[in-house]
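Colleague: Sending over a structure as structure tokens; questions will come in a sec.
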Amino acid sequence: MNVLITGASGGIGMELAKLYAEKGHTLLLAARSEEKLRELAEEWTRKFTIETHIFKSDLSKAGAAEKLYAEVKAKGLSVDILINNAGVGLFGEFHKTDLVKEQEMIQLNITSLTELSKLFGREMVEAKQGKILNVASTAAFFPGPLMAVYYASKAYVKSLTEALDNEWSEHGVQVSGLYPGPTSTGFKDAAELDNSKLFKNGTMKAEAVAKITFIEFMNGKRQIIPGGMNKIQSKASRLISRKTAANIVRKTQDRV
Ligand SMILES: NC(=O)c1ccc[n+]([C@@H]2O[C@H](COP(=O)([O-])OP(=O)(O)OC[C@H]3O[C@@H](n4cnc5c(N)ncnc54)[C@H](OP(=O)(O)O)[C@@H]3O)[C@@H](O)[C@H]2O)c1
């Protein structure tokens, strides 16, 4: 099968890509770091005798998702599995955080993910088969003071994912959401979370998140929450008021 993974140059996306490589799938790897993608593609092509294609793509820019789709088509490739993994966060009070960074986050986490889901998803619907995995976060279950736009973007991903799965299951297309909690990757630094408590209470390894995800996603699971604590927190979100939830999140990720 042909598997397109965005944000495949590091973290959870790279670990997922490796698992698909080990199983012999054809990989379409997208991210901004072309050199890193090339290195990974060469290593996996050699090690696992697979076909790989790399796509340099900055999905925080308007039009980038359509450009990526056009490049995939230009190579004559179809996509059986789409993993919308690329995403960023940003820590800080909403009145102080950088507007441009948040505009780019919305473009990456929301707009590009939506566009790729539509462009590749409608071909899957036509083919009556295919799978999409949208990487959200446990943040999707809560309002997120001090990371307001990030939490809101992941709530969007959760809602879109559940709606598309409802529409497309009858057409043979699975749309699943991945909801990881804090995970050791490049995310913390990129989100400027150094002064936050969020990553001080233990994290999962990206490799472990990817292993659980690969098995559950390929088995058809629609809501994938790796890790016991993350499962409990997501369930607990339904039992408390939104105001209490916002207060708890604020405390959890306040400055050290
Ligand atoms: N780590 C966590 O604690 C955590 C928790 C919950 C959810 N998540 C979600 O998991 C997903 C993967 O994050 P991660 O933790 O693996 O972080 P990461 O190590 O920082 O990886 C992010 C990936 O996305 C790519 N990316 C970033 N900006 C991009 C852009 N503008 N265009 C294209 N690709 C871009 C990066 O590659 P380039 O820099 O080469 O472009 C990289 O491959 C994200 O959606 C994140 O929100 C992470």
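Just so we're on the same page: first chain in the structure tokens is A, next is B, and so on; residues restart at 1 for each chain, and ligands are numbered from 1 in the order they show up.
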Give me the residues of chain A that have any atom at most 8 Å from an atom of ligand 1; for each, the nearest atom pair and the distance in Å, rounded to one decimal. Use only C-alpha atoms and all ligand atoms, sort by chain and number, and format it as a Markdown table.

Modeller:
```
| residue | atom | partner | partner_atom_place_in_ligand_line | distance |
| --- | --- | --- | --- | --- |
| A:Thr6 | CA | ligand 1 | 34 (N) | 6.1 |
| A:Gly7 | CA | ligand 1 | 43 (O) | 3.2 |
| A:Ala8 | CA | ligand 1 | 43 (O) | 4.5 |
| A:Ser9 | CA | ligand 1 | 43 (O) | 3.8 |
| A:Gly10 | CA | ligand 1 | 43 (O) | 4.2 |
| A:Gly11 | CA | ligand 1 | 16 (O) | 3.4 |
| A:Ile12 | CA | ligand 1 | 16 (O) | 3.8 |
| A:Gly13 | CA | ligand 1 | 16 (O) | 5.6 |
| A:Met14 | CA | ligand 1 | 43 (O) | 6.7 |
| A:Ala30 | CA | ligand 1 | 34 (N) | 6.7 |
| A:Ala31 | CA | ligand 1 | 34 (N) | 3.9 |
| A:Arg32 | CA | ligand 1 | 41 (O) | 3.5 |
| A:Ser33 | CA | ligand 1 | 40 (O) | 3.6 |
| A:Glu34 | CA | ligand 1 | 40 (O) | 7.0 |
| A:Lys36 | CA | ligand 1 | 40 (O) | 7.2 |
| A:Leu37 | CA | ligand 1 | 40 (O) | 7.8 |
| A:Lys56 | CA | ligand 1 | 33 (C) | 7.9 |
| A:Ser57 | CA | ligand 1 | 33 (C) | 5.5 |
| A:Asp58 | CA | ligand 1 | 32 (N) | 3.6 |
| A:Leu59 | CA | ligand 1 | 32 (N) | 3.8 |
| A:Ser60 | CA | ligand 1 | 31 (N) | 4.2 |
| A:Lys61 | CA | ligand 1 | 31 (N) | 7.2 |
| A:Asn84 | CA | ligand 1 | 45 (O) | 7.6 |
| A:Asn85 | CA | ligand 1 | 45 (O) | 4.8 |
| A:Ala86 | CA | ligand 1 | 24 (O) | 3.6 |
| A:Gly87 | CA | ligand 1 | 45 (O) | 3.4 |
| A:Val88 | CA | ligand 1 | 47 (O) | 5.1 |
| A:Gly89 | CA | ligand 1 | 47 (O) | 6.3 |
| A:Glu104 | CA | ligand 1 | 31 (N) | 7.4 |
| A:Met105 | CA | ligand 1 | 31 (N) | 7.9 |
| A:Leu108 | CA | ligand 1 | 31 (N) | 6.0 |
| A:Asn109 | CA | ligand 1 | 45 (O) | 6.7 |
| A:Val135 | CA | ligand 1 | 45 (O) | 5.2 |
| A:Ala136 | CA | ligand 1 | 7 (C) | 5.6 |
| A:Ser137 | CA | ligand 1 | 6 (C) | 4.0 |
| A:Thr138 | CA | ligand 1 | 6 (C) | 6.3 |
| A:Ala139 | CA | ligand 1 | 6 (C) | 7.1 |
| A:Tyr150 | CA | ligand 1 | 47 (O) | 7.8 |
| A:Lys154 | CA | ligand 1 | 47 (O) | 7.6 |
| A:Leu178 | CA | ligand 1 | 7 (C) | 7.9 |
| A:Tyr179 | CA | ligand 1 | 6 (C) | 6.3 |
| A:Pro180 | CA | ligand 1 | 6 (C) | 4.4 |
| A:Gly181 | CA | ligand 1 | 5 (C) | 4.6 |
| A:Pro182 | CA | ligand 1 | 3 (O) | 3.4 |
| A:Thr183 | CA | ligand 1 | 3 (O) | 3.8 |
| A:Ser184 | CA | ligand 1 | 1 (N) | 5.7 |
| A:Thr185 | CA | ligand 1 | 19 (O) | 4.1 |
| A:Gly186 | CA | ligand 1 | 19 (O) | 3.6 |
| A:Phe187 | CA | ligand 1 | 20 (O) | 3.7 |
| A:Lys188 | CA | ligand 1 | 1 (N) | 6.5 |
| A:Asp189 | CA | ligand 1 | 20 (O) | 7.8 |
| A:Ala190 | CA | ligand 1 | 20 (O) | 6.2 |
| A:Phe199 | CA | ligand 1 | 3 (O) | 7.7 |
| A:Thr203 | CA | ligand 1 | 3 (O) | 7.4 |
| A:Ala206 | CA | ligand 1 | 16 (O) | 7.0 |
```

Colleague: Which residues come within 12 Å of Ala148 of chain A, counting only C-alpha atoms, excluding same-chain residues fewer than 5 positions away, as a PyMOL selection string?

Modeller: chain A and resi 89-97+102+105-106+139-140+142-143+153-155+246+249-250+253

Colleague: Using only C-alpha atoms, find the one residue out of A:Ser159, A:Ser196, A:Thr213, A:Gln233 that sits nearest to Thr252 of chain A.

Modeller: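 That would be A:Ser196, the residue with the smallest distance to Thr252 of chain A.
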
Colleague: In terms of the shortest atom-to-atom distance over only C-alpha atoms, which of A:Tyr156, A:Phe120, A:Phe141, A:Trp168 is closest to Asp80 of chain A?

Modeller: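 Nearest to Asp80 of chain A: A:Phe120.
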
Colleague: Could you check which of A:Val256, A:Ala208, A:Ile240, A:Leu113 is closest to Pro226 of chain A, using only C-alpha atoms?

Modeller: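 Smallest distance to Pro226 of chain A is found for A:Ala208.
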
Colleague: Using DSSP on the backbone coordinates, identify all residues within segment 91-251 of chain A classified as strand (DSSP E or B); present the result as a PyMOL selection string.

Modeller: chain A and resi 130-135+173-178+183-184+196+204-205+223-224

Colleague: Please produce a file of those selected residues containing all heavy atoms, as a tab-separated table (two decimals), in the first residue's frame.

Modeller:
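Output saved as result14.tsv:
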```tsv
chain	number	residue	atom	x	y	z
A	130	GLY	N	-9.67	2.87	1.79
A	130	GLY	CA	-8.63	3.82	2.21
A	130	GLY	C	-8.74	4.11	3.69
A	130	GLY	O	-9.73	3.77	4.34
A	131	LYS	N	-7.66	4.70	4.20
A	131	LYS	CA	-7.62	5.01	5.63
A	131	LYS	C	-6.96	6.36	5.82
A	131	LYS	O	-5.94	6.65	5.17
A	131	LYS	CB	-6.73	3.99	6.39
A	131	LYS	CG	-7.30	2.60	6.55
A	131	LYS	CD	-6.23	1.74	7.24
A	131	LYS	CE	-6.59	0.28	7.29
A	131	LYS	NZ	-7.64	-0.04	8.23
A	132	ILE	N	-7.51	7.16	6.75
A	132	ILE	CA	-6.88	8.43	7.12
A	132	ILE	C	-6.69	8.43	8.63
A	132	ILE	O	-7.60	8.07	9.38
A	132	ILE	CB	-7.76	9.63	6.69
A	132	ILE	CG1	-7.93	9.67	5.16
A	132	ILE	CG2	-7.14	10.95	7.19
A	132	ILE	CD1	-8.83	10.78	4.64
A	133	LEU	N	-5.48	8.81	9.05
A	133	LEU	CA	-5.22	9.00	10.48
A	133	LEU	C	-4.89	10.47	10.70
A	133	LEU	O	-3.91	10.98	10.15
A	133	LEU	CB	-4.03	8.14	10.94
A	133	LEU	CG	-3.63	8.32	12.41
A	133	LEU	CD1	-4.70	7.78	13.35
A	133	LEU	CD2	-2.29	7.64	12.69
A	134	ASN	N	-5.71	11.15	11.49
A	134	ASN	CA	-5.44	12.54	11.83
A	134	ASN	C	-4.84	12.60	13.23
A	134	ASN	O	-5.44	12.11	14.19
A	134	ASN	CB	-6.72	13.37	11.77
A	134	ASN	CG	-7.18	13.57	10.33
A	134	ASN	OD1	-6.36	13.65	9.41
A	134	ASN	ND2	-8.49	13.65	10.12
A	135	VAL	N	-3.65	13.20	13.33
A	135	VAL	CA	-3.00	13.28	14.65
A	135	VAL	C	-3.50	14.52	15.38
A	135	VAL	O	-3.22	15.65	14.99
A	135	VAL	CB	-1.46	13.28	14.52
A	135	VAL	CG1	-0.83	13.34	15.91
A	135	VAL	CG2	-1.00	12.03	13.77
A	173	VAL	N	-14.20	3.83	3.81
A	173	VAL	CA	-13.03	4.61	4.20
A	173	VAL	C	-13.05	4.84	5.71
A	173	VAL	O	-14.04	5.31	6.27
A	173	VAL	CB	-12.99	5.97	3.46
A	173	VAL	CG1	-11.78	6.80	3.91
A	173	VAL	CG2	-12.97	5.76	1.96
A	174	GLN	N	-11.94	4.48	6.35
A	174	GLN	CA	-11.78	4.65	7.80
A	174	GLN	C	-11.09	5.98	8.09
A	174	GLN	O	-10.07	6.30	7.49
A	174	GLN	CB	-10.90	3.50	8.32
A	174	GLN	CG	-10.46	3.64	9.77
A	174	GLN	CD	-9.37	2.64	10.14
A	174	GLN	OE1	-9.17	1.63	9.45
A	174	GLN	NE2	-8.66	2.91	11.22
A	175	VAL	N	-11.66	6.76	9.01
A	175	VAL	CA	-10.99	8.01	9.44
A	175	VAL	C	-10.82	7.94	10.96
A	175	VAL	O	-11.79	7.96	11.70
A	175	VAL	CB	-11.78	9.28	9.04
A	175	VAL	CG1	-10.94	10.53	9.32
A	175	VAL	CG2	-12.18	9.24	7.57
A	176	SER	N	-9.56	7.83	11.39
A	176	SER	CA	-9.27	7.67	12.82
A	176	SER	C	-8.55	8.89	13.35
A	176	SER	O	-7.88	9.61	12.62
A	176	SER	CB	-8.37	6.45	13.05
A	176	SER	OG	-9.03	5.26	12.70
A	177	GLY	N	-8.67	9.09	14.67
A	177	GLY	CA	-7.94	10.18	15.33
A	177	GLY	C	-6.95	9.60	16.32
A	177	GLY	O	-7.24	8.62	17.01
A	178	LEU	N	-5.76	10.21	16.37
A	178	LEU	CA	-4.75	9.82	17.36
A	178	LEU	C	-4.66	10.94	18.40
A	178	LEU	O	-4.54	12.12	18.04
A	178	LEU	CB	-3.40	9.62	16.68
A	178	LEU	CG	-2.19	9.43	17.62
A	178	LEU	CD1	-2.36	8.21	18.51
A	178	LEU	CD2	-0.89	9.34	16.81
A	183	THR	N	4.76	13.72	24.75
A	183	THR	CA	5.62	12.70	24.14
A	183	THR	C	6.97	13.35	23.85
A	183	THR	O	7.00	14.50	23.40
A	183	THR	CB	4.97	12.21	22.81
A	183	THR	OG1	3.62	11.81	23.08
A	183	THR	CG2	5.71	11.04	22.20
A	184	SER	N	8.05	12.61	24.11
A	184	SER	CA	9.40	13.17	23.89
A	184	SER	C	9.71	13.24	22.40
A	184	SER	O	10.02	12.21	21.78
A	184	SER	CB	10.45	12.29	24.56
A	184	SER	OG	10.13	12.13	25.89
A	196	SER	N	7.25	25.67	30.89
A	196	SER	CA	5.98	25.10	31.32
A	196	SER	C	6.20	23.82	32.13
A	196	SER	O	7.16	23.09	31.93
A	196	SER	CB	5.14	24.78	30.09
A	196	SER	OG	4.12	23.88	30.42
A	204	MET	N	5.70	10.04	27.18
A	204	MET	CA	5.86	8.75	26.50
A	204	MET	C	6.94	8.89	25.43
A	204	MET	O	7.22	10.00	24.98
A	204	MET	CB	4.53	8.34	25.84
A	204	MET	CG	3.53	7.78	26.83
A	204	MET	SD	2.03	7.17	26.03
A	204	MET	CE	2.58	5.60	25.33
A	205	LYS	N	7.50	7.78	25.03
A	205	LYS	CA	8.47	7.80	23.93
A	205	LYS	C	7.69	7.76	22.61
A	205	LYS	O	6.68	7.04	22.51
A	205	LYS	CB	9.38	6.57	24.01
A	205	LYS	CG	10.38	6.64	25.15
A	205	LYS	CD	11.58	5.71	24.85
A	205	LYS	CE	12.77	6.00	25.71
A	205	LYS	NZ	12.56	5.67	27.12
A	223	GLN	N	-10.67	5.82	17.65
A	223	GLN	CA	-10.11	6.79	18.62
A	223	GLN	C	-8.93	6.12	19.33
A	223	GLN	O	-9.14	5.21	20.15
A	223	GLN	CB	-11.18	7.22	19.62
A	223	GLN	CG	-10.70	8.35	20.51
A	223	GLN	CD	-11.75	8.81	21.51
A	223	GLN	OE1	-11.88	8.24	22.59
A	223	GLN	NE2	-12.50	9.84	21.16
A	224	ILE	N	-7.73	6.58	19.04
A	224	ILE	CA	-6.53	5.93	19.58
A	224	ILE	C	-5.90	6.86	20.62
A	224	ILE	O	-5.47	7.98	20.29
A	224	ILE	CB	-5.54	5.63	18.44
A	224	ILE	CG1	-6.21	4.73	17.39
A	224	ILE	CG2	-4.26	4.98	18.99
A	224	ILE	CD1	-5.54	4.74	16.03
```

Colleague: Excluding Gln129 of chain A and residues on its chain fewer than 3 positions from it, collect all residues at most 7 Å away from it, counting only C-alpha atoms, and give them as an NGL selection string.

Modeller: :A and (124-125 or 172-173)

Colleague: To one decimal in Å, tell me the separation between atom CA of Glu71 of chain A and atom CA of Lys47 of chain A.

Modeller: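 Atom CA of Lys47 of chain A lies 25.9 Å from atom CA of Glu71 of chain A.
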
Colleague: Closest to Leu27 of chain A among A:Thr45, A:Ser112, A:Ser234, A:Thr52, using only C-alpha atoms?

Modeller: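 When distances to Leu27 of chain A are compared using only C-alpha atoms, the smallest one comes from A:Thr52.
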
Colleague: Smallest atom-to-atom distance to Lys128 of chain A: which of A:Glu35, A:Ala70, A:Ile110, A:Glu170, using only C-alpha atoms?

Modeller: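 Using only C-alpha atoms, Lys128 of chain A sits closest to A:Glu170.
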
Colleague: May I have all residues of segment 9-100 of chain A that DSSP, computed from the backbone, assigns to alpha helix (DSSP H), given as number ranges by chain?

Modeller: A: 11-22, 34-48, 64-74, 99-100

Colleague: Tell me, in Å to one decimal, how far atom CA of Ile248 of chain A is from atom CA of Val209 of chain A.

Modeller: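 These two atoms are separated by 24.2 Å.
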
Colleague: Give me, as a list in words, all polymer residues having an atom no more than 12 Å from Met1 of chain A, counting only C-alpha atoms and skipping those fewer than 2 positions away in the same chain.

Modeller: Val3, Leu4, Tyr20, Ala21, Lys23, Gly24, His25, Thr26, Leu27, Leu28, Ile50, Glu51, Thr52, Leu77, Ser78, Val79, Asp80, Ile81, Leu82, Gln129, Gly130 and Lys131 of chain A
